[in-house]
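Have a look at run23.pdb; it's PDB, C-alpha atoms:
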ATOM      1  CA  MET S   1       0.000   0.000   0.000
ATOM      2  CA  ARG S   2       2.725   2.446   1.040
ATOM      3  CA  ARG S   3       4.683   1.538  -2.065
ATOM      4  CA  LEU S   4       1.793   2.693  -4.264
ATOM      5  CA  LEU S   5       1.806   6.126  -2.604
ATOM      6  CA  PHE S   6       4.107   7.410  -5.349
ATOM      7  CA  LEU S   7       1.148   7.078  -7.739
ATOM      8  CA  LEU S   8      -0.816   9.691  -5.811
ATOM      9  CA  PRO S   9       0.757  12.822  -7.364
ATOM     10  CA  MET S  10       0.362  11.296 -10.823
ATOM     11  CA  LEU S  11      -3.305  10.615 -10.201
ATOM     12  CA  LEU S  12      -3.762  14.178  -8.954
ATOM     13  CA  VAL S  13      -2.113  15.549 -12.092
ATOM     14  CA  ALA S  14      -4.239  13.300 -14.295
ATOM     15  CA  GLY S  15      -7.367  14.571 -12.515
ATOM     16  CA  LEU S  16      -6.325  18.197 -12.985
ATOM     17  CA  VAL S  17      -5.548  17.592 -16.664
ATOM     18  CA  ALA S  18      -9.036  16.118 -17.118
ATOM     19  CA  ILE S  19     -10.621  19.182 -15.465
ATOM     20  CA  PHE S  20      -8.555  21.640 -17.523
ATOM     21  CA  TRP S  21      -9.259  19.696 -20.700
ATOM     22  CA  ARG S  22     -12.956  20.079 -20.073
ATOM     23  CA  GLY S  23     -12.464  23.788 -19.441
ATOM     24  CA  LEU S  24     -10.739  24.161 -22.813
ATOM     25  CA  ASP S  25     -13.652  22.659 -24.719
ATOM     26  CA  PRO S  26     -14.672  25.450 -27.133
ATOM     27  CA  ASN S  27     -18.310  24.322 -27.008
ATOM     28  CA  ARG S  28     -18.532  24.698 -23.253
ATOM     29  CA  ASP S  29     -20.505  27.726 -22.097
ATOM     30  CA  PRO S  30     -19.705  28.313 -18.432
ATOM     31  CA  SER S  31     -22.692  30.603 -17.966
ATOM     32  CA  ALA S  32     -25.193  28.144 -19.454
ATOM     33  CA  LEU S  33     -27.834  27.063 -16.980
ATOM     34  CA  PRO S  34     -29.509  23.691 -17.186
ATOM     35  CA  SER S  35     -33.272  24.053 -17.264
ATOM     36  CA  ALA S  36     -34.882  22.883 -14.037
ATOM     37  CA  LEU S  37     -37.930  21.841 -16.064
ATOM     38  CA  ILE S  38     -36.335  19.038 -18.096
ATOM     39  CA  GLY S  39     -38.284  15.836 -17.423
ATOM     40  CA  LYS S  40     -41.068  17.762 -15.704
ATOM     41  CA  PRO S  41     -44.500  18.789 -16.994
ATOM     42  CA  ALA S  42     -44.499  22.146 -18.750
ATOM     43  CA  PRO S  43     -46.379  24.903 -16.916
ATOM     44  CA  ALA S  44     -50.024  24.969 -17.998
ATOM     45  CA  LEU S  45     -49.921  28.537 -19.275
ATOM     46  CA  GLU S  46     -53.128  30.241 -20.303
ATOM     47  CA  LEU S  47     -52.301  33.329 -22.354
ATOM     48  CA  PRO S  48     -54.392  35.733 -24.387
ATOM     49  CA  ALA S  49     -53.997  35.317 -28.144
ATOM     50  CA  LEU S  50     -51.582  37.658 -29.848
ATOM     51  CA  LEU S  51     -53.473  37.766 -33.126
ATOM     52  CA  GLU S  52     -56.873  39.387 -33.186
ATOM     53  CA  GLY S  53     -59.713  36.917 -33.473
ATOM     54  CA  ALA S  54     -57.587  33.892 -32.538
ATOM     55  CA  ALA S  55     -58.424  31.642 -29.597
ATOM     56  CA  PRO S  56     -56.447  32.157 -26.373
ATOM     57  CA  LEU S  57     -53.374  29.949 -26.025
ATOM     58  CA  SER S  58     -53.791  27.094 -23.564
ATOM     59  CA  LEU S  59     -50.717  24.886 -23.290
ATOM     60  CA  ALA S  60     -52.650  22.212 -21.412
ATOM     61  CA  SER S  61     -54.952  21.754 -24.428
ATOM     62  CA  LEU S  62     -51.957  20.948 -26.658
ATOM     63  CA  LYS S  63     -51.308  17.638 -24.911
ATOM     64  CA  GLY S  64     -51.334  14.596 -27.160
ATOM     65  CA  GLN S  65     -48.929  16.033 -29.710
ATOM     66  CA  PRO S  66     -45.240  17.027 -29.541
ATOM     67  CA  VAL S  67     -44.851  20.796 -29.319
ATOM     68  CA  ALA S  68     -42.066  23.320 -29.790
ATOM     69  CA  ILE S  69     -42.567  26.473 -27.725
ATOM     70  CA  ASN S  70     -40.596  29.453 -28.934
ATOM     71  CA  PHE S  71     -40.354  32.601 -26.803
ATOM     72  CA  PHE S  72     -39.707  35.663 -28.948
ATOM     73  CA  ALA S  73     -40.062  39.427 -28.913
ATOM     74  CA  SER S  74     -40.023  42.137 -31.537
ATOM     75  CA  TRP S  75     -37.327  43.988 -29.577
ATOM     76  CA  CYS S  76     -35.038  40.954 -29.629
ATOM     77  CA  LEU S  77     -32.425  40.934 -32.365
ATOM     78  CA  PRO S  78     -31.353  37.250 -32.138
ATOM     79  CA  CYS S  79     -35.044  36.363 -32.551
ATOM     80  CA  ARG S  80     -34.943  37.943 -35.982
ATOM     81  CA  ALA S  81     -31.851  35.906 -36.791
ATOM     82  CA  GLU S  82     -33.483  32.583 -35.918
ATOM     83  CA  HIS S  83     -36.876  33.464 -37.395
ATOM     84  CA  PRO S  84     -36.417  31.886 -40.860
ATOM     85  CA  LEU S  85     -35.455  28.589 -39.228
ATOM     86  CA  LEU S  86     -38.694  28.330 -37.233
ATOM     87  CA  GLY S  87     -40.859  27.866 -40.329
ATOM     88  CA  LYS S  88     -38.388  25.389 -41.767
ATOM     89  CA  ILE S  89     -38.406  23.323 -38.582
ATOM     90  CA  ALA S  90     -42.221  23.240 -38.471
ATOM     91  CA  ALA S  91     -42.369  22.189 -42.133
ATOM     92  CA  GLU S  92     -39.568  19.643 -42.000
ATOM     93  CA  TYR S  93     -40.362  17.868 -38.731
ATOM     94  CA  GLY S  94     -44.107  18.453 -38.555
ATOM     95  CA  ILE S  95     -43.880  19.580 -34.934
ATOM     96  CA  ALA S  96     -46.514  22.037 -33.684
ATOM     97  CA  MET S  97     -44.699  25.394 -33.449
ATOM     98  CA  ILE S  98     -46.149  27.576 -30.712
ATOM     99  CA  GLY S  99     -44.985  31.155 -30.227
ATOM    100  CA  ILE S 100     -45.056  33.219 -27.052
ATOM    101  CA  ALA S 101     -44.480  36.953 -27.431
ATOM    102  CA  TYR S 102     -42.437  37.719 -24.313
ATOM    103  CA  LYS S 103     -42.746  41.178 -22.748
ATOM    104  CA  ASP S 104     -43.792  42.721 -25.999
ATOM    105  CA  LYS S 105     -46.550  45.127 -26.906
ATOM    106  CA  PRO S 106     -49.038  43.028 -28.901
ATOM    107  CA  ALA S 107     -49.124  45.627 -31.693
ATOM    108  CA  ASP S 108     -45.310  45.497 -31.989
ATOM    109  CA  ALA S 109     -45.276  41.709 -32.034
ATOM    110  CA  ARG S 110     -47.984  41.636 -34.704
ATOM    111  CA  ALA S 111     -46.025  44.103 -36.839
ATOM    112  CA  TYR S 112     -42.907  41.962 -36.388
ATOM    113  CA  LEU S 113     -44.738  38.854 -37.648
ATOM    114  CA  ALA S 114     -46.391  40.767 -40.487
ATOM    115  CA  ASP S 115     -42.907  41.826 -41.518
ATOM    116  CA  LEU S 116     -41.057  38.514 -41.178
ATOM    117  CA  GLY S 117     -43.857  36.003 -41.662
ATOM    118  CA  ASN S 118     -45.707  33.921 -39.091
ATOM    119  CA  PRO S 119     -44.269  30.438 -38.582
ATOM    120  CA  TYR S 120     -46.473  29.724 -35.562
ATOM    121  CA  GLN S 121     -49.559  27.574 -35.269
ATOM    122  CA  ALA S 122     -50.739  29.582 -32.272
ATOM    123  CA  ILE S 123     -49.292  32.564 -30.429
ATOM    124  CA  GLY S 124     -49.800  33.690 -26.864
ATOM    125  CA  ALA S 125     -49.047  37.177 -25.568
ATOM    126  CA  ASP S 126     -47.020  37.226 -22.351
ATOM    127  CA  GLU S 127     -46.895  40.960 -21.742
ATOM    128  CA  SER S 128     -46.000  40.786 -18.060
ATOM    129  CA  GLY S 129     -43.268  38.181 -18.553
ATOM    130  CA  ARG S 130     -44.867  36.017 -15.885
ATOM    131  CA  GLY S 131     -45.292  33.131 -18.336
ATOM    132  CA  GLY S 132     -41.577  33.318 -19.038
ATOM    133  CA  ILE S 133     -40.790  33.004 -15.325
ATOM    134  CA  GLU S 134     -43.097  29.967 -15.136
ATOM    135  CA  PHE S 135     -40.853  28.348 -17.741
ATOM    136  CA  GLY S 136     -37.641  29.431 -16.033
ATOM    137  CA  LEU S 137     -36.858  31.681 -18.973
ATOM    138  CA  THR S 138     -33.567  33.582 -18.772
ATOM    139  CA  GLY S 139     -33.985  35.615 -21.941
ATOM    140  CA  VAL S 140     -35.307  35.554 -25.490
ATOM    141  CA  PRO S 141     -35.191  33.656 -27.709
ATOM    142  CA  GLU S 142     -35.631  30.336 -25.957
ATOM    143  CA  THR S 143     -37.135  27.183 -27.391
ATOM    144  CA  TYR S 144     -38.654  24.310 -25.419
ATOM    145  CA  ILE S 145     -39.451  20.890 -26.846
ATOM    146  CA  LEU S 146     -42.390  19.097 -25.192
ATOM    147  CA  ASP S 147     -43.335  15.486 -25.772
ATOM    148  CA  ARG S 148     -46.890  14.162 -26.272
ATOM    149  CA  ASP S 149     -47.513  14.119 -22.519
ATOM    150  CA  GLY S 150     -46.520  17.756 -22.142
ATOM    151  CA  ILE S 151     -43.202  16.884 -20.467
ATOM    152  CA  VAL S 152     -40.330  19.287 -21.216
ATOM    153  CA  ARG S 153     -37.619  17.262 -22.976
ATOM    154  CA  TYR S 154     -35.244  19.902 -24.202
ATOM    155  CA  ARG S 155     -34.538  23.582 -23.911
ATOM    156  CA  LEU S 156     -32.385  25.729 -26.161
ATOM    157  CA  ALA S 157     -31.444  29.074 -24.622
ATOM    158  CA  GLY S 158     -30.478  31.597 -27.264
ATOM    159  CA  PRO S 159     -31.088  31.684 -30.996
ATOM    160  CA  ILE S 160     -31.437  28.602 -33.158
ATOM    161  CA  THR S 161     -28.594  28.406 -35.660
ATOM    162  CA  ALA S 162     -27.912  25.931 -38.444
ATOM    163  CA  ASP S 163     -25.214  24.400 -36.201
ATOM    164  CA  ASN S 164     -27.174  23.919 -32.977
ATOM    165  CA  LEU S 165     -30.206  22.856 -34.997
ATOM    166  CA  ALA S 166     -28.238  19.993 -36.530
ATOM    167  CA  ASP S 167     -26.367  19.049 -33.326
ATOM    168  CA  GLN S 168     -28.964  19.492 -30.620
ATOM    169  CA  LEU S 169     -32.407  20.689 -31.575
ATOM    170  CA  ALA S 170     -33.087  18.298 -34.458
ATOM    171  CA  PRO S 171     -32.194  15.170 -32.419
ATOM    172  CA  ALA S 172     -34.393  16.457 -29.562
ATOM    173  CA  ILE S 173     -37.306  17.026 -31.953
ATOM    174  CA  GLU S 174     -36.841  13.654 -33.612
ATOM    175  CA  ALA S 175     -36.873  11.991 -30.198
ATOM    176  CA  VAL S 176     -40.285  13.443 -29.286
ATOM    177  CA  MET S 177     -41.765  12.864 -32.763
ATOM    178  CA  LYS S 178     -41.183   9.120 -32.621
TER     179      LYS S 178
ATOM    180  CA  MET O   1     -19.985  76.734 -11.291
ATOM    181  CA  SER O   2     -22.150  76.166  -8.231
ATOM    182  CA  GLY O   3     -25.139  75.593 -10.527
ATOM    183  CA  LEU O   4     -23.243  72.803 -12.264
ATOM    184  CA  ARG O   5     -22.329  71.380  -8.895
ATOM    185  CA  ILE O   6     -25.937  71.282  -7.801
ATOM    186  CA  ILE O   7     -26.976  69.598 -11.038
ATOM    187  CA  LEU O   8     -24.178  67.037 -10.668
ATOM    188  CA  SER O   9     -25.011  66.231  -7.055
ATOM    189  CA  VAL O  10     -28.694  65.840  -7.850
ATOM    190  CA  LEU O  11     -27.761  63.561 -10.752
ATOM    191  CA  LEU O  12     -25.508  61.508  -8.477
ATOM    192  CA  LEU O  13     -28.257  61.168  -5.897
ATOM    193  CA  VAL O  14     -30.734  59.996  -8.516
ATOM    194  CA  LEU O  15     -28.265  57.527 -10.017
ATOM    195  CA  ALA O  16     -27.333  56.215  -6.579
ATOM    196  CA  LEU O  17     -30.898  55.184  -5.785
ATOM    197  CA  PRO O  18     -31.025  51.414  -5.545
ATOM    198  CA  ALA O  19     -32.892  49.543  -8.230
ATOM    199  CA  PHE O  20     -35.489  48.759  -5.585
ATOM    200  CA  ALA O  21     -36.652  52.302  -5.115
ATOM    201  CA  GLN O  22     -37.944  52.491  -8.671
ATOM    202  CA  GLU O  23     -40.851  50.144  -8.128
ATOM    203  CA  ALA O  24     -44.057  50.050  -6.197
ATOM    204  CA  GLN O  25     -43.326  48.964  -2.644
ATOM    205  CA  LEU O  26     -45.454  47.068  -0.214
ATOM    206  CA  ALA O  27     -47.416  49.292   2.143
ATOM    207  CA  ASP O  28     -46.492  47.256   5.213
ATOM    208  CA  PRO O  29     -42.843  48.071   6.089
ATOM    209  CA  VAL O  30     -42.352  44.641   7.701
ATOM    210  CA  LEU O  31     -43.463  42.838   4.524
ATOM    211  CA  GLU O  32     -41.396  45.235   2.379
ATOM    212  CA  GLU O  33     -38.353  44.423   4.522
ATOM    213  CA  ARG O  34     -38.993  40.702   3.980
ATOM    214  CA  ALA O  35     -39.272  41.249   0.210
ATOM    215  CA  ARG O  36     -35.931  43.073   0.213
ATOM    216  CA  ASP O  37     -34.198  40.436   2.327
ATOM    217  CA  LEU O  38     -35.481  37.682   0.061
ATOM    218  CA  SER O  39     -34.448  39.584  -3.078
ATOM    219  CA  ARG O  40     -30.916  39.718  -1.773
ATOM    220  CA  GLU O  41     -30.643  35.920  -1.626
ATOM    221  CA  ILE O  42     -32.114  35.308  -5.083
ATOM    222  CA  ARG O  43     -29.618  35.358  -7.919
ATOM    223  CA  CYS O  44     -30.350  37.235 -11.115
ATOM    224  CA  VAL O  45     -30.446  34.619 -13.874
ATOM    225  CA  VAL O  46     -28.958  36.810 -16.591
ATOM    226  CA  CYS O  47     -26.298  38.698 -14.642
ATOM    227  CA  GLN O  48     -25.499  35.672 -12.489
ATOM    228  CA  SER O  49     -23.174  37.296  -9.960
ATOM    229  CA  GLN O  50     -25.682  39.893  -8.862
ATOM    230  CA  SER O  51     -28.684  39.379  -6.662
ATOM    231  CA  VAL O  52     -32.148  40.199  -7.896
ATOM    232  CA  ALA O  53     -32.105  43.146  -5.480
ATOM    233  CA  GLU O  54     -28.974  44.650  -7.048
ATOM    234  CA  SER O  55     -29.621  43.953 -10.690
ATOM    235  CA  ASP O  56     -31.095  46.381 -13.177
ATOM    236  CA  ALA O  57     -31.989  43.596 -15.599
ATOM    237  CA  ASP O  58     -35.574  43.413 -16.747
ATOM    238  CA  ILE O  59     -36.064  39.871 -15.512
ATOM    239  CA  ALA O  60     -34.635  40.788 -12.083
ATOM    240  CA  ARG O  61     -37.222  43.556 -11.836
ATOM    241  CA  ASP O  62     -39.949  41.053 -12.748
ATOM    242  CA  MET O  63     -38.721  38.742 -10.015
ATOM    243  CA  ARG O  64     -38.762  41.519  -7.422
ATOM    244  CA  VAL O  65     -42.342  42.264  -8.421
ATOM    245  CA  LEU O  66     -43.158  38.564  -8.194
ATOM    246  CA  ILE O  67     -41.588  38.273  -4.739
ATOM    247  CA  ARG O  68     -43.606  41.254  -3.496
ATOM    248  CA  GLU O  69     -46.806  39.823  -4.974
ATOM    249  CA  GLN O  70     -46.296  36.466  -3.349
ATOM    250  CA  ILE O  71     -45.447  38.002   0.020
ATOM    251  CA  ALA O  72     -48.567  40.151  -0.232
ATOM    252  CA  ALA O  73     -50.506  36.956  -1.021
ATOM    253  CA  GLY O  74     -49.347  35.499   2.293
ATOM    254  CA  LYS O  75     -46.710  33.065   1.025
ATOM    255  CA  THR O  76     -43.820  32.220   3.339
ATOM    256  CA  ASP O  77     -40.217  32.947   2.329
ATOM    257  CA  GLN O  78     -39.596  29.226   1.928
ATOM    258  CA  GLU O  79     -42.603  28.809  -0.368
ATOM    259  CA  ILE O  80     -41.318  31.596  -2.599
ATOM    260  CA  ARG O  81     -37.817  30.092  -2.635
ATOM    261  CA  ASP O  82     -39.287  26.700  -3.570
ATOM    262  CA  TYR O  83     -41.349  28.314  -6.337
ATOM    263  CA  LEU O  84     -38.263  29.868  -7.906
ATOM    264  CA  VAL O  85     -36.070  26.781  -7.423
ATOM    265  CA  ALA O  86     -38.705  24.630  -9.169
ATOM    266  CA  ARG O  87     -38.351  26.859 -12.245
ATOM    267  CA  TYR O  88     -34.716  27.931 -12.221
ATOM    268  CA  GLY O  89     -32.985  25.230 -10.174
ATOM    269  CA  ASP O  90     -30.773  25.655  -7.096
ATOM    270  CA  PHE O  91     -28.804  28.155  -9.124
ATOM    271  CA  VAL O  92     -31.196  30.985  -8.194
ATOM    272  CA  LEU O  93     -30.231  30.683  -4.543
ATOM    273  CA  PHE O  94     -27.012  32.395  -3.544
ATOM    274  CA  GLU O  95     -26.734  29.854  -0.733
ATOM    275  CA  PRO O  96     -27.268  26.408  -2.281
ATOM    276  CA  PRO O  97     -28.968  23.766  -0.117
ATOM    277  CA  PHE O  98     -26.924  21.027   1.541
ATOM    278  CA  LYS O  99     -27.727  17.853  -0.421
ATOM    279  CA  ALA O 100     -26.007  15.024  -2.283
ATOM    280  CA  SER O 101     -25.201  17.064  -5.400
ATOM    281  CA  THR O 102     -23.696  19.907  -3.369
ATOM    282  CA  TYR O 103     -21.661  17.923  -0.807
ATOM    283  CA  VAL O 104     -18.426  18.615  -2.695
ATOM    284  CA  LEU O 105     -19.242  22.311  -2.713
ATOM    285  CA  TRP O 106     -19.908  22.492   1.020
ATOM    286  CA  ILE O 107     -17.441  19.936   2.377
ATOM    287  CA  GLY O 108     -14.688  20.183  -0.267
ATOM    288  CA  PRO O 109     -12.802  23.155   1.197
ATOM    289  CA  PHE O 110     -12.782  21.630   4.696
ATOM    290  CA  ALA O 111     -11.706  18.234   3.329
ATOM    291  CA  LEU O 112      -8.806  19.955   1.531
ATOM    292  CA  LEU O 113      -7.853  21.737   4.753
ATOM    293  CA  VAL O 114      -7.835  18.454   6.700
ATOM    294  CA  LEU O 115      -5.780  16.749   3.952
ATOM    295  CA  ALA O 116      -3.286  19.621   3.986
ATOM    296  CA  ALA O 117      -3.044  19.448   7.800
ATOM    297  CA  ILE O 118      -2.364  15.685   7.616
ATOM    298  CA  GLY O 119       0.314  16.295   4.966
ATOM    299  CA  VAL O 120       2.013  18.975   7.062
ATOM    300  CA  GLY O 121       1.819  16.679  10.118
ATOM    301  CA  PHE O 122       3.548  13.863   8.241
ATOM    302  CA  TYR O 123       6.223  16.249   6.990
ATOM    303  CA  PHE O 124       7.116  17.491  10.459
ATOM    304  CA  ARG O 125       7.036  14.024  11.998
ATOM    305  CA  ARG O 126       9.448  12.770   9.404
ATOM    306  CA  ARG O 127      11.743  15.726   9.952
ATOM    307  CA  ALA O 128      11.698  15.222  13.744
ATOM    308  CA  ALA O 129      12.578  11.538  13.309
ATOM    309  CA  GLN O 130      15.691  12.348  11.289
ATOM    310  CA  PRO O 131      18.939  12.803  13.339
ATOM    311  CA  VAL O 132      20.088  16.390  13.501
ATOM    312  CA  ALA O 133      23.825  15.477  13.276
ATOM    313  CA  GLY O 134      25.264  13.745  10.233
ATOM    314  CA  PRO O 135      26.322  10.075  10.250
ATOM    315  CA  GLU O 136      29.122   8.921  12.575
ATOM    316  CA  LEU O 137      32.671   9.178  11.164
ATOM    317  CA  SER O 138      34.761   6.075  10.851
ATOM    318  CA  SER O 139      38.042   5.956  12.844
ATOM    319  CA  ALA O 140      40.041   6.525   9.640
ATOM    320  CA  GLU O 141      38.024   9.643   8.869
ATOM    321  CA  ARG O 142      38.481  10.897  12.435
ATOM    322  CA  GLY O 143      42.221  10.465  12.101
ATOM    323  CA  ARG O 144      42.178  12.528   8.889
ATOM    324  CA  VAL O 145      40.160  15.321  10.544
ATOM    325  CA  ALA O 146      42.645  15.473  13.426
ATOM    326  CA  GLU O 147      45.530  15.621  10.964
ATOM    327  CA  LEU O 148      43.935  18.474   8.994
ATOM    328  CA  LEU O 149      43.233  20.453  12.159
ATOM    329  CA  ARG O 150      46.800  19.942  13.327
ATOM    330  CA  ALA O 151      48.166  21.108   9.994
ATOM    331  CA  ASP O 152      45.997  24.191  10.183
ATOM    332  CA  ASP O 153      47.169  24.958  13.718
ATOM    333  CA  SER O 154      50.821  24.597  12.798
ATOM    334  CA  ARG O 155      50.406  26.882   9.816
ATOM    335  CA  LYS O 156      48.814  29.522  12.032
ATOM    336  CA  GLY O 157      51.587  29.098  14.590
ATOM    337  CA  GLY O 158      54.199  29.454  11.858
ATOM    338  CA  ALA O 159      52.798  32.683  10.502
TER     339      ALA O 159
END
Whole structure given in structure tokens:
Amino acid sequence: MRRLLFLLPMLLVAGLVAIFWRGLDPNRDPSALPSALIGKPAPALELPALLEGAAPLSLASLKGQPVAINFFASWCLPCRAEHPLLGKIAAEYGIAMIGIAYKDKPADARAYLADLGNPYQAIGADESGRGGIEFGLTGVPETYILDRDGIVRYRLAGPITADNLADQLAPAIEAVMK
Amino acid sequence: MSGLRIILSVLLLVLALPAFAQEAQLADPVLEERARDLSREIRCVVCQSQSVAESDADIARDMRVLIREQIAAGKTDQEIRDYLVARYGDFVLFEPPFKASTYVLWIGPFALLVLAAIGVGFYFRRRAAQPVAGPELSSAERGRVAELLRADDSRKGGA
């Protein structure tokens, strides 16, 4: 036992190297927060409809189908950047794309969608931001993937890009569409 | 000059007002105090090293409003903490709870201290066990030392 003591410093160094190696990973975001909602039922938000004449958005009524919930706002620049991808995702994967206008004046959000196109099946207006807090939102845009039972399976904080769509979002969507 | 000074000091005063003072406060000073205390232990989720009480971020303001609302609705501090932890995880608390996933965080520094103390203890015990003087000289070596000392003495005497 005593003889093996000389291995101790080497093991310590190996441990440190492993920790530093992880720290050097270019894909690691030290400020990223895991969502506390993963594996848990999504909050049953009831929000007024953003578009005039549409029915209010009730997340509980969406159960039975996989859903992508995308928080956006007209004042949010990265939302504009990801916007073209939202329609593509809905078309390609057939997932129900639900929008929530976060802390936005409904008129502004409507103008934003009139300008860029509306990729959403239904849109709720979360003017107070309280719906965002229910989801543990840290900013916009954020996208949540819910399975048929309304359980949150994945969350992407920040804009969807071609890269994270291919690496993370698409596999998460495919998993709930099965 | 003095006019500029007055303007500057007023500006400073306004800017120095804490983020808290900009919002509706609870009428009951005891409840308001509780809201402020609780806001100081909730972490802002976008600024991360600031508390919700200190942060100017929009979402921090929303959380202060939420804390006030829930206190006004008669919720206990622990219920409000649980509400936020259920949505944002333990991360929102500046003081994480003591549980299996945080043992390393809480115990780690003390474990390192104990390990270091054991290491230092071993070091000193080993040093105390070692003889202070060098190894004994053989009789041949002693003879040589005596010879050298004699030679040195005679040289001194000769000078």
Residues matched by the PyMOL selection byres ((chain S) within 6 of (chain O)) as an mmCIF file with C-alpha atoms, keeping the file's coordinate frame:
data_model
loop_
_atom_site.group_PDB
_atom_site.id
_atom_site.type_symbol
_atom_site.label_atom_id
_atom_site.label_comp_id
_atom_site.auth_asym_id
_atom_site.auth_seq_id
_atom_site.Cartn_x
_atom_site.Cartn_y
_atom_site.Cartn_z
ATOM 1 C CA ALA S 36 -34.882 22.883 -14.037
ATOM 2 C CA GLY S 136 -37.641 29.431 -16.033
ATOM 3 C CA THR S 138 -33.567 33.582 -18.772
#
- Message: Taking 3 positions as the minimum chain separation for residues in the same chain, which residues sit within 9 Å of Arg155 in chain S when counting only C-alpha atoms? Answer as a ChimeraX atom specification.
- Response: /S:34-35,37-38,142-145,152,169
Please save C-alpha atoms of the selected residues as an mmCIF file, in the frame of the given file.
data_model
loop_
_atom_site.group_PDB
_atom_site.id
_atom_site.type_symbol
_atom_site.label_atom_id
_atom_site.label_comp_id
_atom_site.auth_asym_id
_atom_site.auth_seq_id
_atom_site.Cartn_x
_atom_site.Cartn_y
_atom_site.Cartn_z
ATOM 1 C CA PRO S 34 -29.509 23.691 -17.186
ATOM 2 C CA SER S 35 -33.272 24.053 -17.264
ATOM 3 C CA LEU S 37 -37.930 21.841 -16.064
ATOM 4 C CA ILE S 38 -36.335 19.038 -18.096
ATOM 5 C CA GLU S 142 -35.631 30.336 -25.957
ATOM 6 C CA THR S 143 -37.135 27.183 -27.391
ATOM 7 C CA TYR S 144 -38.654 24.310 -25.419
ATOM 8 C CA ILE S 145 -39.451 20.890 -26.846
ATOM 9 C CA VAL S 152 -40.330 19.287 -21.216
ATOM 10 C CA LEU S 169 -32.407 20.689 -31.575
#
- Query: Written as a VMD selection string, what is the full residue list that the PyMOL selection byres ((chain O and resi 77) around 9) yields on the file shown?
  - Reply: chain O and resid 34 to 35 38 67 71 75 to 76 78 to 82
- Task: Return the single residue from S:Pro78, S:Pro9, S:Gly158, S:Pro84 that is closest to Leu137 in chain S, with distances computed using all atoms listed in the file.
- Result: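 When distances to Leu137 in chain S are compared using all atoms listed in the file, the smallest one comes from S:Gly158.
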- Message: Expand the PyMOL selection byres ((chain O and resi 25) around 12) into the explicit residue set it covers here, and present it as a count of residues only.
- Response: 25
- Task: Tell me which of S:Asp167, S:Asp115, S:Glu82, S:Asp126 sits closest to Ala101 in chain S, counting all atoms listed in the file.
- Result: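 Looking only at the distances to Ala101 in chain S, the closest residue turns out to be S:Asp126.
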- Query: Rounded to one decimal in Å, what is the spacing between CA of Pro96 in chain O and CA of Gly150 in chain S?
  - Reply: 29.0 Å
- Note on the structure: Here CA of Ala166 in chain S and CA of Val140 in chain S stand apart by 20.3 Å
Please provide the set of residues having any atom within 12 Å of Ile123 in chain S, restricted to all atoms listed in the file, with same-chain residues fewer than 6 positions apart removed, written as a PDB file with C-alpha atoms, in the coordinates of the input.
ATOM      1  CA  LEU S  45     -49.921  28.537 -19.275  1.00  0.00           C
ATOM      2  CA  GLU S  46     -53.128  30.241 -20.303  1.00  0.00           C
ATOM      3  CA  LEU S  47     -52.301  33.329 -22.354  1.00  0.00           C
ATOM      4  CA  PRO S  48     -54.392  35.733 -24.387  1.00  0.00           C
ATOM      5  CA  ALA S  49     -53.997  35.317 -28.144  1.00  0.00           C
ATOM      6  CA  LEU S  50     -51.582  37.658 -29.848  1.00  0.00           C
ATOM      7  CA  LEU S  51     -53.473  37.766 -33.126  1.00  0.00           C
ATOM      8  CA  GLU S  52     -56.873  39.387 -33.186  1.00  0.00           C
ATOM      9  CA  GLY S  53     -59.713  36.917 -33.473  1.00  0.00           C
ATOM     10  CA  ALA S  54     -57.587  33.892 -32.538  1.00  0.00           C
ATOM     11  CA  ALA S  55     -58.424  31.642 -29.597  1.00  0.00           C
ATOM     12  CA  PRO S  56     -56.447  32.157 -26.373  1.00  0.00           C
ATOM     13  CA  LEU S  57     -53.374  29.949 -26.025  1.00  0.00           C
ATOM     14  CA  SER S  58     -53.791  27.094 -23.564  1.00  0.00           C
ATOM     15  CA  LEU S  59     -50.717  24.886 -23.290  1.00  0.00           C
ATOM     16  CA  ALA S  68     -42.066  23.320 -29.790  1.00  0.00           C
ATOM     17  CA  ILE S  69     -42.567  26.473 -27.725  1.00  0.00           C
ATOM     18  CA  ASN S  70     -40.596  29.453 -28.934  1.00  0.00           C
ATOM     19  CA  PHE S  71     -40.354  32.601 -26.803  1.00  0.00           C
ATOM     20  CA  PHE S  72     -39.707  35.663 -28.948  1.00  0.00           C
ATOM     21  CA  ALA S  73     -40.062  39.427 -28.913  1.00  0.00           C
ATOM     22  CA  ALA S  96     -46.514  22.037 -33.684  1.00  0.00           C
ATOM     23  CA  MET S  97     -44.699  25.394 -33.449  1.00  0.00           C
ATOM     24  CA  ILE S  98     -46.149  27.576 -30.712  1.00  0.00           C
ATOM     25  CA  GLY S  99     -44.985  31.155 -30.227  1.00  0.00           C
ATOM     26  CA  ILE S 100     -45.056  33.219 -27.052  1.00  0.00           C
ATOM     27  CA  ALA S 101     -44.480  36.953 -27.431  1.00  0.00           C
ATOM     28  CA  TYR S 102     -42.437  37.719 -24.313  1.00  0.00           C
ATOM     29  CA  PRO S 106     -49.038  43.028 -28.901  1.00  0.00           C
ATOM     30  CA  ALA S 109     -45.276  41.709 -32.034  1.00  0.00           C
ATOM     31  CA  ARG S 110     -47.984  41.636 -34.704  1.00  0.00           C
ATOM     32  CA  LEU S 113     -44.738  38.854 -37.648  1.00  0.00           C
TER      33      LEU S 113
END
- Query: CA of Ala57 in chain O to CA of Tyr112 in chain S: how many Å, to one decimal?
  - Reply: 23.5 Å
- 7 Å contact set for Phe94 in chain O, all atoms listed in the file, chain neighbours under 6 positions out, as a ChimeraX atom specification: /O:41-43
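Taking all atoms listed in the file into account, the residues near (-27.8, 30.6, -42.2), no farther than 10 Å, are Ala81, Glu82, Pro84, Leu85, Ile160, Thr161, Ala162 and Asp163 of chain S.
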